[in-house]
file my_file_18.cif (mmCIF, C-alpha atoms)
data_data
loop_
_atom_site.group_PDB
_atom_site.id
_atom_site.type_symbol
_atom_site.label_atom_id
_atom_site.label_comp_id
_atom_site.auth_asym_id
_atom_site.auth_seq_id
_atom_site.Cartn_x
_atom_site.Cartn_y
_atom_site.Cartn_z
ATOM 1 C CA MET E 19 15.168 -3.870 2.969
ATOM 2 C CA SER E 20 17.689 -1.201 2.220
ATOM 3 C CA VAL E 21 16.843 2.388 2.996
ATOM 4 C CA ASP E 22 16.497 3.602 -0.580
ATOM 5 C CA TRP E 23 13.374 1.499 -1.138
ATOM 6 C CA TYR E 24 11.649 3.376 1.658
ATOM 7 C CA LEU E 25 12.751 6.667 0.134
ATOM 8 C CA VAL E 26 11.273 5.663 -3.216
ATOM 9 C CA VAL E 27 7.962 4.854 -1.521
ATOM 10 C CA SER E 28 8.166 8.243 0.181
ATOM 11 C CA ALA E 29 8.747 10.048 -3.132
ATOM 12 C CA LEU E 30 5.850 8.158 -4.736
ATOM 13 C CA VAL E 31 3.414 9.016 -1.947
ATOM 14 C CA PHE E 32 4.551 12.638 -2.007
ATOM 15 C CA ALA E 33 3.963 12.884 -5.761
ATOM 16 C CA VAL E 34 0.513 11.299 -5.458
ATOM 17 C CA GLY E 35 -0.372 13.769 -2.705
ATOM 18 C CA ALA E 36 0.819 16.691 -4.828
ATOM 19 C CA ILE E 37 -1.324 15.506 -7.751
ATOM 20 C CA GLY E 38 -4.296 15.298 -5.406
ATOM 21 C CA VAL E 39 -3.780 18.817 -4.073
ATOM 22 C CA LEU E 40 -3.610 20.141 -7.615
ATOM 23 C CA THR E 41 -6.579 18.291 -9.088
ATOM 24 C CA ARG E 42 -9.222 17.931 -6.380
ATOM 25 C CA ARG E 43 -11.641 20.743 -5.600
ATOM 26 C CA ASN E 44 -13.155 19.660 -2.298
ATOM 27 C CA PRO E 45 -11.224 21.282 0.573
ATOM 28 C CA LEU E 46 -11.709 18.159 2.692
ATOM 29 C CA VAL E 47 -9.969 16.012 0.095
ATOM 30 C CA ILE E 48 -7.261 18.635 -0.344
ATOM 31 C CA LEU E 49 -6.585 18.381 3.392
ATOM 32 C CA LEU E 50 -6.387 14.589 3.061
ATOM 33 C CA CYS E 51 -3.849 14.978 0.270
ATOM 34 C CA LEU E 52 -1.815 17.358 2.427
ATOM 35 C CA GLU E 53 -1.762 14.612 5.044
ATOM 36 C CA LEU E 54 -0.382 12.266 2.395
ATOM 37 C CA MET E 55 2.465 14.668 1.662
ATOM 38 C CA LEU E 56 3.293 15.101 5.356
ATOM 39 C CA ASN E 57 3.293 11.342 5.821
ATOM 40 C CA ALA E 58 5.644 10.934 2.881
ATOM 41 C CA ALA E 59 8.025 13.291 4.657
ATOM 42 C CA ASN E 60 7.608 11.183 7.797
ATOM 43 C CA ILE E 61 8.658 7.996 6.005
ATOM 44 C CA ALA E 62 11.754 9.739 4.679
ATOM 45 C CA LEU E 63 12.629 11.099 8.142
ATOM 46 C CA ILE E 64 12.296 7.713 9.789
ATOM 47 C CA ALA E 65 14.194 5.966 6.996
ATOM 48 C CA PHE E 66 17.071 8.398 7.417
ATOM 49 C CA ALA E 67 16.937 7.940 11.180
ATOM 50 C CA ARG E 68 17.339 4.206 10.601
ATOM 51 C CA MET E 69 20.146 4.829 8.144
ATOM 52 C CA TRP E 70 22.146 6.805 10.681
ATOM 53 C CA GLY E 71 21.176 4.565 13.567
ATOM 54 C CA ASN E 72 20.073 7.660 15.457
ATOM 55 C CA ALA E 73 16.625 8.065 16.955
ATOM 56 C CA GLU E 74 16.622 11.850 16.724
ATOM 57 C CA GLY E 75 15.006 11.723 13.307
ATOM 58 C CA GLN E 76 12.017 9.999 14.892
ATOM 59 C CA ILE E 77 11.529 13.073 17.098
ATOM 60 C CA PHE E 78 11.241 15.089 13.894
ATOM 61 C CA ALA E 79 8.553 12.697 12.677
ATOM 62 C CA ILE E 80 6.612 13.074 15.921
ATOM 63 C CA ILE E 81 6.756 16.869 15.688
ATOM 64 C CA VAL E 82 5.528 16.632 12.092
ATOM 65 C CA MET E 83 2.593 14.549 13.331
ATOM 66 C CA VAL E 84 1.763 17.234 15.918
ATOM 67 C CA VAL E 85 1.849 19.952 13.270
ATOM 68 C CA ALA E 86 -0.327 17.830 10.985
ATOM 69 C CA ALA E 87 -2.890 17.384 13.767
ATOM 70 C CA CYS E 88 -2.987 21.172 14.286
ATOM 71 C CA GLU E 89 -3.389 21.742 10.575
ATOM 72 C CA VAL E 90 -6.263 19.267 10.381
ATOM 73 C CA CYS E 91 -7.895 20.929 13.367
ATOM 74 C CA ILE E 92 -7.797 24.406 11.814
ATOM 75 C CA GLY E 93 -8.641 23.165 8.326
ATOM 76 C CA LEU E 94 -11.709 21.269 9.462
ATOM 77 C CA GLY E 95 -12.765 24.282 11.523
ATOM 78 C CA LEU E 96 -12.597 26.377 8.366
ATOM 79 C CA VAL E 97 -14.615 23.798 6.419
ATOM 80 C CA VAL E 98 -17.291 23.774 9.115
ATOM 81 C CA ALA E 99 -17.365 27.600 9.126
ATOM 82 C CA ILE E 100 -17.745 27.619 5.327
ATOM 83 C CA PHE E 101 -20.588 25.112 5.587
ATOM 84 C CA ARG E 102 -22.342 27.203 8.246
ATOM 85 C CA ARG E 103 -22.265 30.203 5.931
ATOM 86 C CA ARG E 104 -24.041 28.145 3.244
ATOM 87 C CA LEU E 105 -21.131 28.695 0.906
ATOM 88 C CA PRO E 106 -20.227 26.004 -1.619
ATOM 89 C CA ILE E 107 -17.614 23.546 -0.400
ATOM 90 C CA ASP E 108 -15.432 24.096 -3.423
ATOM 91 C CA VAL E 109 -12.081 25.784 -3.598
ATOM 92 C CA ASP E 110 -12.830 27.199 -7.024
ATOM 93 C CA GLU E 111 -15.833 29.086 -5.667
ATOM 94 C CA ILE E 112 -14.179 30.394 -2.521
ATOM 95 C CA ARG E 113 -11.522 32.690 -3.815
ATOM 96 C CA GLU E 114 -12.347 36.017 -2.245
ATOM 97 C CA LEU E 115 -11.268 37.179 1.159
ATOM 98 C CA HIS E 116 -14.529 38.906 1.849
ATOM 99 C CA GLY E 117 -15.592 39.204 5.466
ATOM 100 C CA MET V 13 10.673 -11.972 5.594
ATOM 101 C CA SER V 14 11.214 -8.274 5.917
ATOM 102 C CA GLU V 15 11.232 -7.933 2.112
ATOM 103 C CA VAL V 16 7.802 -9.533 1.855
ATOM 104 C CA LEU V 17 6.429 -7.343 4.614
ATOM 105 C CA PHE V 18 7.970 -4.268 3.035
ATOM 106 C CA PHE V 19 6.372 -4.925 -0.325
ATOM 107 C CA ILE V 20 2.970 -5.678 1.201
ATOM 108 C CA ALA V 21 3.052 -2.516 3.322
ATOM 109 C CA GLY V 22 4.583 -0.357 0.602
ATOM 110 C CA ILE V 23 2.057 -1.406 -2.029
ATOM 111 C CA GLY V 24 -0.694 -0.872 0.533
ATOM 112 C CA ALA V 25 0.573 2.627 1.307
ATOM 113 C CA VAL V 26 0.818 3.621 -2.351
ATOM 114 C CA CYS V 27 -2.575 2.112 -3.211
ATOM 115 C CA GLY V 28 -4.140 3.903 -0.251
ATOM 116 C CA ALA V 29 -2.639 7.182 -1.432
ATOM 117 C CA ILE V 30 -3.914 6.676 -4.972
ATOM 118 C CA GLY V 31 -7.314 5.798 -3.537
ATOM 119 C CA VAL V 32 -7.418 9.077 -1.593
ATOM 120 C CA VAL V 33 -6.796 10.994 -4.794
ATOM 121 C CA MET V 34 -9.018 9.003 -7.155
ATOM 122 C CA VAL V 35 -12.156 8.219 -5.146
ATOM 123 C CA ARG V 36 -14.952 10.718 -5.679
ATOM 124 C CA ASN V 37 -16.779 10.309 -2.376
ATOM 125 C CA PRO V 38 -14.850 12.054 0.443
ATOM 126 C CA PHE V 39 -16.006 9.415 2.938
ATOM 127 C CA TYR V 40 -14.286 6.643 0.997
ATOM 128 C CA ALA V 41 -11.274 8.919 0.607
ATOM 129 C CA VAL V 42 -11.024 9.102 4.399
ATOM 130 C CA LEU V 43 -11.251 5.311 4.647
ATOM 131 C CA ALA V 44 -8.523 4.973 2.012
ATOM 132 C CA LEU V 45 -6.370 7.331 4.069
ATOM 133 C CA VAL V 46 -6.913 5.141 7.150
ATOM 134 C CA PHE V 47 -5.694 2.143 5.148
ATOM 135 C CA HIS V 48 -2.716 4.178 3.975
ATOM 136 C CA LEU V 49 -1.860 5.189 7.541
ATOM 137 C CA LEU V 50 -2.036 1.613 8.808
ATOM 138 C CA SER V 51 0.286 0.475 6.021
ATOM 139 C CA LEU V 52 2.600 3.314 6.930
ATOM 140 C CA ALA V 53 2.639 2.165 10.553
ATOM 141 C CA ALA V 54 3.799 -1.248 9.314
ATOM 142 C CA LEU V 55 6.598 0.467 7.382
ATOM 143 C CA PHE V 56 7.591 2.348 10.524
ATOM 144 C CA LEU V 57 7.747 -0.915 12.420
ATOM 145 C CA LEU V 58 10.026 -2.358 9.742
ATOM 146 C CA LEU V 59 12.292 0.657 10.278
ATOM 147 C CA GLN V 60 12.357 -0.055 14.048
ATOM 148 C CA ALA V 61 10.360 3.011 15.007
ATOM 149 C CA GLN V 62 7.985 1.283 17.379
ATOM 150 C CA PHE V 63 6.826 4.332 19.273
ATOM 151 C CA VAL V 64 6.156 6.353 16.138
ATOM 152 C CA ALA V 65 4.230 3.432 14.665
ATOM 153 C CA ALA V 66 2.056 3.171 17.771
ATOM 154 C CA ALA V 67 1.489 6.930 17.803
ATOM 155 C CA GLN V 68 0.612 6.782 14.122
ATOM 156 C CA VAL V 69 -2.064 4.175 14.728
ATOM 157 C CA VAL V 70 -3.484 5.741 17.882
ATOM 158 C CA VAL V 71 -3.273 9.445 17.066
ATOM 159 C CA TYR V 72 -3.552 9.508 13.304
ATOM 160 C CA ALA V 73 -5.593 6.525 12.247
ATOM 161 C CA GLY V 74 -7.623 6.780 15.441
ATOM 162 C CA ALA V 75 -8.249 10.325 16.598
ATOM 163 C CA VAL V 76 -7.597 12.521 13.573
ATOM 164 C CA MET V 77 -9.489 10.262 11.213
ATOM 165 C CA VAL V 78 -12.486 10.196 13.555
ATOM 166 C CA LEU V 79 -12.473 13.994 13.346
ATOM 167 C CA TYR V 80 -12.438 13.729 9.562
ATOM 168 C CA VAL V 81 -15.300 11.246 9.512
ATOM 169 C CA PHE V 82 -17.382 13.513 11.747
ATOM 170 C CA VAL V 83 -16.805 16.546 9.538
ATOM 171 C CA VAL V 84 -17.506 14.594 6.346
ATOM 172 C CA ALA V 85 -20.735 13.317 7.866
ATOM 173 C CA TYR V 86 -21.659 16.846 8.953
ATOM 174 C CA VAL V 87 -20.796 18.645 5.747
ATOM 175 C CA GLY V 88 -22.175 15.963 3.482
ATOM 176 C CA GLY V 89 -20.558 13.364 1.356
ATOM 177 C CA ALA V 90 -20.346 13.482 -2.370
ATOM 178 C CA GLU V 91 -19.145 16.396 -4.418
ATOM 179 C CA PRO V 92 -22.026 18.385 -5.834
ATOM 180 C CA PRO V 93 -22.736 18.051 -9.533
ATOM 181 C CA ARG V 94 -20.912 20.617 -11.514
ATOM 182 C CA LEU V 95 -23.051 23.631 -12.328
ATOM 183 C CA ARG V 96 -20.513 25.120 -14.648
ATOM 184 C CA ALA V 97 -17.666 23.878 -16.739
ATOM 185 C CA PRO V 98 -15.083 21.991 -14.722
ATOM 186 C CA VAL V 99 -11.640 23.370 -14.255
ATOM 187 C CA GLY V 100 -10.575 21.710 -17.431
ATOM 188 C CA ARG V 101 -8.844 18.649 -18.616
ATOM 189 C CA GLY V 102 -5.754 20.721 -19.159
ATOM 190 C CA GLN V 103 -5.182 21.370 -15.489
ATOM 191 C CA ARG V 104 -5.643 17.712 -14.597
ATOM 192 C CA ALA V 105 -3.176 16.559 -17.230
ATOM 193 C CA ALA V 106 -0.737 19.251 -16.205
ATOM 194 C CA ALA V 107 -1.045 18.180 -12.571
ATOM 195 C CA VAL V 108 -0.319 14.551 -13.431
ATOM 196 C CA VAL V 109 2.701 15.574 -15.501
ATOM 197 C CA PHE V 110 3.869 17.781 -12.642
ATOM 198 C CA GLY V 111 3.463 14.956 -10.133
ATOM 199 C CA LEU V 112 5.385 12.486 -12.273
ATOM 200 C CA ALA V 113 8.149 15.040 -12.789
ATOM 201 C CA LEU V 114 8.241 15.593 -9.035
ATOM 202 C CA PHE V 115 8.566 11.856 -8.403
ATOM 203 C CA VAL V 116 11.375 11.483 -10.931
ATOM 204 C CA GLU V 117 13.149 14.495 -9.489
ATOM 205 C CA LEU V 118 12.853 13.256 -5.926
ATOM 206 C CA ALA V 119 14.011 9.782 -6.904
ATOM 207 C CA ILE V 120 17.039 11.211 -8.712
ATOM 208 C CA ALA V 121 17.802 13.499 -5.787
ATOM 209 C CA VAL V 122 17.588 10.668 -3.263
ATOM 210 C CA LEU V 123 19.165 7.813 -5.176
ATOM 211 C CA GLY V 124 21.796 9.931 -6.877
ATOM 212 C CA SER V 125 22.990 11.494 -3.675
ATOM 213 C CA GLY V 126 26.470 10.751 -2.470
ATOM 214 C CA LEU V 127 25.267 8.986 0.650
ATOM 215 C CA LYS V 128 27.122 5.706 0.810
ATOM 216 C CA ALA V 129 24.863 4.104 3.385
ATOM 217 C CA ILE V 130 21.657 4.703 1.454
ATOM 218 C CA SER V 131 21.664 1.292 -0.197
ATOM 219 C CA THR V 132 22.381 -0.583 3.011
ATOM 220 C CA ASP V 133 20.091 -1.704 5.757
ATOM 221 C CA GLY V 134 21.613 0.779 8.141
ATOM 222 C CA PRO V 135 23.759 -0.059 11.131
ATOM 223 C CA THR V 136 22.679 -2.742 13.542
ATOM 224 C CA VAL V 137 20.918 -1.152 16.446
ATOM 225 C CA GLY V 138 19.892 -2.514 19.783
ATOM 226 C CA ALA V 139 16.408 -3.560 20.752
ATOM 227 C CA GLY V 140 15.908 -0.240 22.525
ATOM 228 C CA PHE V 141 16.135 1.763 19.302
ATOM 229 C CA GLY V 142 12.968 3.778 18.823
ATOM 230 C CA SER V 143 11.453 2.488 22.032
ATOM 231 C CA PRO V 144 9.209 4.748 24.125
ATOM 232 C CA ALA V 145 11.997 5.016 26.695
ATOM 233 C CA GLN V 146 14.487 6.378 24.205
ATOM 234 C CA ILE V 147 11.994 8.723 22.543
ATOM 235 C CA GLY V 148 10.811 10.006 25.897
ATOM 236 C CA GLU V 149 14.342 10.603 27.090
ATOM 237 C CA LEU V 150 15.186 12.540 23.939
ATOM 238 C CA LEU V 151 11.974 14.572 24.139
ATOM 239 C CA LEU V 152 12.630 15.588 27.722
ATOM 240 C CA THR V 153 16.345 16.299 27.441
ATOM 241 C CA LYS V 154 17.658 17.314 24.054
ATOM 242 C CA PHE V 155 14.375 18.269 22.429
ATOM 243 C CA LEU V 156 12.630 19.853 25.392
ATOM 244 C CA LEU V 157 12.067 23.189 23.642
ATOM 245 C CA PRO V 158 10.431 21.670 20.523
ATOM 246 C CA PHE V 159 8.293 19.548 22.843
ATOM 247 C CA GLU V 160 7.013 22.589 24.741
ATOM 248 C CA VAL V 161 6.520 24.589 21.549
ATOM 249 C CA ALA V 162 4.507 21.697 20.115
ATOM 250 C CA SER V 163 2.283 21.662 23.170
ATOM 251 C CA PHE V 164 1.654 25.404 22.785
ATOM 252 C CA LEU V 165 0.916 24.870 19.108
ATOM 253 C CA LEU V 166 -1.687 22.233 19.979
ATOM 254 C CA LEU V 167 -3.299 24.570 22.497
ATOM 255 C CA ILE V 168 -3.461 27.404 19.977
ATOM 256 C CA ALA V 169 -4.896 25.086 17.323
ATOM 257 C CA ALA V 170 -7.599 23.845 19.717
ATOM 258 C CA VAL V 171 -8.596 27.409 20.620
ATOM 259 C CA GLY V 172 -8.514 28.406 16.956
ATOM 260 C CA ALA V 173 -10.754 25.528 15.919
ATOM 261 C CA VAL V 174 -13.302 26.446 18.597
ATOM 262 C CA VAL V 175 -13.253 30.100 17.517
ATOM 263 C CA LEU V 176 -13.585 29.197 13.833
ATOM 264 C CA ALA V 177 -16.356 26.669 14.157
ATOM 265 C CA ARG V 178 -18.503 28.317 16.794
ATOM 266 C CA ARG V 179 -22.069 29.288 16.007
ATOM 267 C CA ARG V 180 -22.213 32.985 15.251
ATOM 268 C CA GLY V 181 -23.645 35.577 12.965
ATOM 269 C CA GLY V 182 -21.615 37.277 10.340
ATOM 270 C CA ILE V 183 -20.664 40.911 10.185
ATOM 271 C CA GLY V 184 -23.797 43.070 10.273
ATOM 272 C CA GLU V 185 -25.953 40.389 11.824
ATOM 273 C CA ASP V 186 -26.501 40.536 15.521
ATOM 274 C CA ALA V 187 -23.754 38.475 17.006
ATOM 275 C CA GLU V 188 -24.823 36.504 20.011
ATOM 276 C CA ALA V 189 -22.448 37.499 22.742
ATOM 277 C CA ILE V 190 -22.125 35.772 26.069
ATOM 278 C CA ALA V 191 -21.067 37.851 29.025
ATOM 279 C CA VAL V 192 -19.636 36.601 32.257
ATOM 280 C CA THR V 193 -22.536 38.141 34.166
ATOM 281 C CA ASP V 194 -24.948 35.774 32.413
ATOM 282 C CA PHE V 195 -23.499 33.018 34.507
ATOM 283 C CA ALA V 196 -23.494 34.959 37.771
ATOM 284 C CA ARG V 197 -25.988 33.687 40.325
ATOM 285 C CA PRO V 198 -27.367 35.233 43.472
ATOM 286 C CA LEU V 199 -25.151 35.292 46.465
ATOM 287 C CA ASN V 200 -24.623 32.017 48.306
ATOM 288 C CA THR V 201 -26.402 29.975 45.641
ATOM 289 C CA GLY V 202 -25.296 26.398 45.693
ATOM 290 C CA THR V 203 -23.619 26.629 49.065
ATOM 291 C CA MET V 204 -24.300 24.892 52.317
ATOM 292 C CA ALA V 205 -25.790 28.116 53.652
ATOM 293 C CA GLU V 206 -28.522 27.865 51.061
ATOM 294 C CA ALA V 207 -29.082 24.230 51.878
ATOM 295 C CA VAL V 208 -29.869 25.038 55.469
ATOM 296 C CA GLY V 209 -32.081 27.863 54.393
ATOM 297 C CA ARG V 210 -29.780 30.774 55.083
ATOM 298 C CA ARG V 211 -29.374 32.723 51.875
ATOM 299 C CA SER V 212 -27.232 35.527 53.165
ATOM 300 C CA PRO V 213 -25.892 36.405 56.593
ATOM 301 C CA GLY V 214 -28.700 37.562 58.812
ATOM 302 C CA GLU V 215 -31.527 36.329 56.632
ATOM 303 C CA ARG V 216 -33.492 33.142 57.176
ATOM 304 C CA VAL V 217 -35.681 31.632 54.564
ATOM 305 C CA GLY V 218 -37.895 28.930 55.818
ATOM 306 C CA ILE V 219 -38.948 26.288 53.357
ATOM 307 C CA THR V 220 -42.193 25.634 55.144
ATOM 308 C CA GLY V 221 -42.655 29.223 56.118
ATOM 309 C CA GLY V 222 -42.818 28.207 59.773
ATOM 310 C CA GLU V 223 -41.345 31.431 61.033
ATOM 311 C CA ARG V 224 -44.354 33.596 60.606
#
call {"tool": "encode", "arguments": {"input": "my_file_18.cif", "output": "structure tokens"}}
result
Amino acid sequence: MSVDWYLVVSALVFAVGAIGVLTRRNPLVILLCLELMLNAANIALIAFARMWGNAEGQIFAIIVMVVAACEVCIGLGLVVAIFRRRLPIDVDEIRELHG
Amino acid sequence: MSEVLFFIAGIGAVCGAIGVVMVRNPFYAVLALVFHLLSLAALFLLLQAQFVAAAQVVVYAGAVMVLYVFVVAYVGGAEPPRLRAPVGRGQRAAAVVFGLALFVELAIAVLGSGLKAISTDGPTVGAGFGSPAQIGELLLTKFLLPFEVASFLLLIAAVGAVVLARRRGGIGEDAEAIAVTDFARPLNTGTMAEAVGRRSPGERVGITGGER
């Protein structure tokens, strides 16, 4: 398959992830949708690496995966901290930076 | 053959993504994301990125998703019933319009670019393209600094997650602090000297009390 098909899949997944971030209210699902957007970027990076015949783009994808793992780690830590405080797990309710 | 595999994996990836967004129960959303990630690994394999595909399956679909499943099971599954009016149909419709506009824009930006090679399969590459050997060589020579920075980032994220999720009181409540001295034990505890009954130099402690 030519490279542009992969890029179209990447754009589609990115748009779906953006819709999810904008519409969902559960922070867990918002994190999942952020993962979708990062993965869309990964497909594009690897498709371009294939297009140039150069494996350096795959290093970019691996670094993006590392950053995504860190983000998940911190995000889930925040969700657990919110749950421990008996606060609602809802991004519309949690909008104050209050101790 | 590669066309068929591409369409199977691509449709799987897109359907998994839509499932993540549409499903109400976060647990099923996580499972949909696992399906999406596996389809994505197949796409990576079609692009000859074997190492990234393997890392995707092992790290992402394996480890990170297990973390998600644990947190979803801990926090509790379904979204609570709405106590007040939802955010509004307007925001949802606006988000869908925004997403479609984003897709069209990205597609125009990618397909309308001047890159000549974008509608080709790419150059023919050897069997070693994207292999662990090549990736490892690049990571340890040309990209050594990003590699080390990434390892520091992982360390900081692990420490941050422990700090965020630890059991503690809030401000004003008595925070339970642990000092180093709580773990200090009497001198020579756990050493051979204690085992033979000598707790400190010059002192003998008989187990049977036979010294008296």
call {"tool": "interface_residues", "arguments": {"input": "my_file_18.cif", "of": "chain E", "to": "chain V", "cutoff": "8 Å", "atoms": "all atoms listed in the file", "output": "ChimeraX atom specification"}}
result
/E:19-22,25-27,29-38,40-42,44,46-47,50-51,54,61,64-65,68-71,73-74,76-77,79-81,83-85,87-92,94-96,98-99,101,117
call {"tool": "write_last_selection", "arguments": {"input": "my_file_18.cif", "atoms": "C-alpha atoms", "output": "compact mmCIF listing (two decimals), in the coordinates of the input"}}
result
# COMPACT_ATOMS: atom_id res chain seq x y z
CA MET E 19 15.17 -3.87 2.97
CA SER E 20 17.69 -1.20 2.22
CA VAL E 21 16.84 2.39 3.00
CA ASP E 22 16.50 3.60 -0.58
CA LEU E 25 12.75 6.67 0.13
CA VAL E 26 11.27 5.66 -3.22
CA VAL E 27 7.96 4.85 -1.52
CA ALA E 29 8.75 10.05 -3.13
CA LEU E 30 5.85 8.16 -4.74
CA VAL E 31 3.41 9.02 -1.95
CA PHE E 32 4.55 12.64 -2.01
CA ALA E 33 3.96 12.88 -5.76
CA VAL E 34 0.51 11.30 -5.46
CA GLY E 35 -0.37 13.77 -2.70
CA ALA E 36 0.82 16.69 -4.83
CA ILE E 37 -1.32 15.51 -7.75
CA GLY E 38 -4.30 15.30 -5.41
CA LEU E 40 -3.61 20.14 -7.62
CA THR E 41 -6.58 18.29 -9.09
CA ARG E 42 -9.22 17.93 -6.38
CA ASN E 44 -13.16 19.66 -2.30
CA LEU E 46 -11.71 18.16 2.69
CA VAL E 47 -9.97 16.01 0.10
CA LEU E 50 -6.39 14.59 3.06
CA CYS E 51 -3.85 14.98 0.27
CA LEU E 54 -0.38 12.27 2.40
CA ILE E 61 8.66 8.00 6.00
CA ILE E 64 12.30 7.71 9.79
CA ALA E 65 14.19 5.97 7.00
CA ARG E 68 17.34 4.21 10.60
CA MET E 69 20.15 4.83 8.14
CA TRP E 70 22.15 6.80 10.68
CA GLY E 71 21.18 4.57 13.57
CA ALA E 73 16.62 8.06 16.95
CA GLU E 74 16.62 11.85 16.72
CA GLN E 76 12.02 10.00 14.89
CA ILE E 77 11.53 13.07 17.10
CA ALA E 79 8.55 12.70 12.68
CA ILE E 80 6.61 13.07 15.92
CA ILE E 81 6.76 16.87 15.69
CA MET E 83 2.59 14.55 13.33
CA VAL E 84 1.76 17.23 15.92
CA VAL E 85 1.85 19.95 13.27
CA ALA E 87 -2.89 17.38 13.77
CA CYS E 88 -2.99 21.17 14.29
CA GLU E 89 -3.39 21.74 10.58
CA VAL E 90 -6.26 19.27 10.38
CA CYS E 91 -7.90 20.93 13.37
CA ILE E 92 -7.80 24.41 11.81
CA LEU E 94 -11.71 21.27 9.46
CA GLY E 95 -12.76 24.28 11.52
CA LEU E 96 -12.60 26.38 8.37
CA VAL E 98 -17.29 23.77 9.12
CA ALA E 99 -17.36 27.60 9.13
CA PHE E 101 -20.59 25.11 5.59
CA GLY E 117 -15.59 39.20 5.47
call {"tool": "axis_aligned_box", "arguments": {"input": "my_file_18.cif", "around": "range 40-47 of chain E", "padding_each_side": "4 Å", "output": "lines of an AutoDock Vina configuration file"}}
result
center_x = -8.4
center_y = 18.6
center_z = -3.2
size_x = 17.5
size_y = 13.3
size_z = 19.8
call {"tool": "atom_distance", "arguments": {"input": "my_file_18.cif", "atom1": "CA of Leu49 in chain E", "atom2": "CA of Pro144 in chain V"}}
result
29.4 Å
call {"tool": "closest_residue", "arguments": {"input": "my_file_18.cif", "among": "E:Ala67, E:Val82, E:Gly75, E:Gly93", "to": "Met55 in chain E", "atoms": "only C-alpha atoms"}}
result
E:Val82
call {"tool": "atom_distance", "arguments": {"input": "my_file_18.cif", "atom1": "CA of Asp108 in chain E", "atom2": "CA of Ala59 in chain E"}}
result
27.1 Å
call {"tool": "closest_residue", "arguments": {"input": "my_file_18.cif", "among": "V:Leu50, V:Leu43, V:Ala121, V:Ala139", "to": "Val70 in chain V", "atoms": "only C-alpha atoms"}}
result
V:Leu50
call {"tool": "atom_distance", "arguments": {"input": "my_file_18.cif", "atom1": "CA of Ala85 in chain V", "atom2": "CA of Arg102 in chain E"}}
result
14.0 Å
call {"tool": "closest_residue", "arguments": {"input": "my_file_18.cif", "among": "E:Leu56, E:Val97, E:Ala62, E:Val39", "to": "Trp23 in chain E", "atoms": "all atoms listed in the file"}}
result
E:Ala62
call {"tool": "decode", "arguments": {"input": "my_file_18.cif", "residues": "range 19-51 of chain E", "atoms": "C-alpha atoms", "output": "compact mmCIF listing (two decimals), in the first residue's frame"}}
result
# COMPACT_ATOMS: atom_id res chain seq x y z
CA MET E 19 0.00 0.00 0.00
CA SER E 20 1.23 3.46 -0.74
CA VAL E 21 2.14 5.73 2.13
CA ASP E 22 -0.76 8.15 1.79
CA TRP E 23 -3.28 5.49 2.83
CA TYR E 24 -1.49 5.15 6.15
CA LEU E 25 -1.52 8.92 6.56
CA VAL E 26 -5.27 9.00 5.96
CA VAL E 27 -5.77 6.34 8.64
CA SER E 28 -3.58 8.44 10.93
CA ALA E 29 -5.66 11.58 10.30
CA LEU E 30 -8.88 9.64 10.91
CA VAL E 31 -7.68 8.20 14.22
CA PHE E 32 -6.41 11.61 15.30
CA ALA E 33 -9.78 13.23 14.56
CA VAL E 34 -11.65 10.49 16.43
CA GLY E 35 -9.35 10.97 19.42
CA ALA E 36 -9.90 14.73 19.35
CA ILE E 37 -13.68 14.23 19.31
CA GLY E 38 -13.34 11.91 22.29
CA VAL E 39 -11.26 14.40 24.27
CA LEU E 40 -13.85 17.09 23.61
CA THR E 41 -16.99 15.09 24.35
CA ARG E 42 -16.21 12.61 27.13
CA ARG E 43 -16.27 13.65 30.77
CA ASN E 44 -14.55 10.75 32.50
CA PRO E 45 -10.83 11.56 32.92
CA LEU E 46 -9.95 7.90 32.35
CA VAL E 47 -11.62 7.94 28.94
CA ILE E 48 -10.04 11.30 28.14
CA LEU E 49 -6.64 9.72 28.81
CA LEU E 50 -7.57 6.85 26.48
CA CYS E 51 -8.47 9.34 23.77
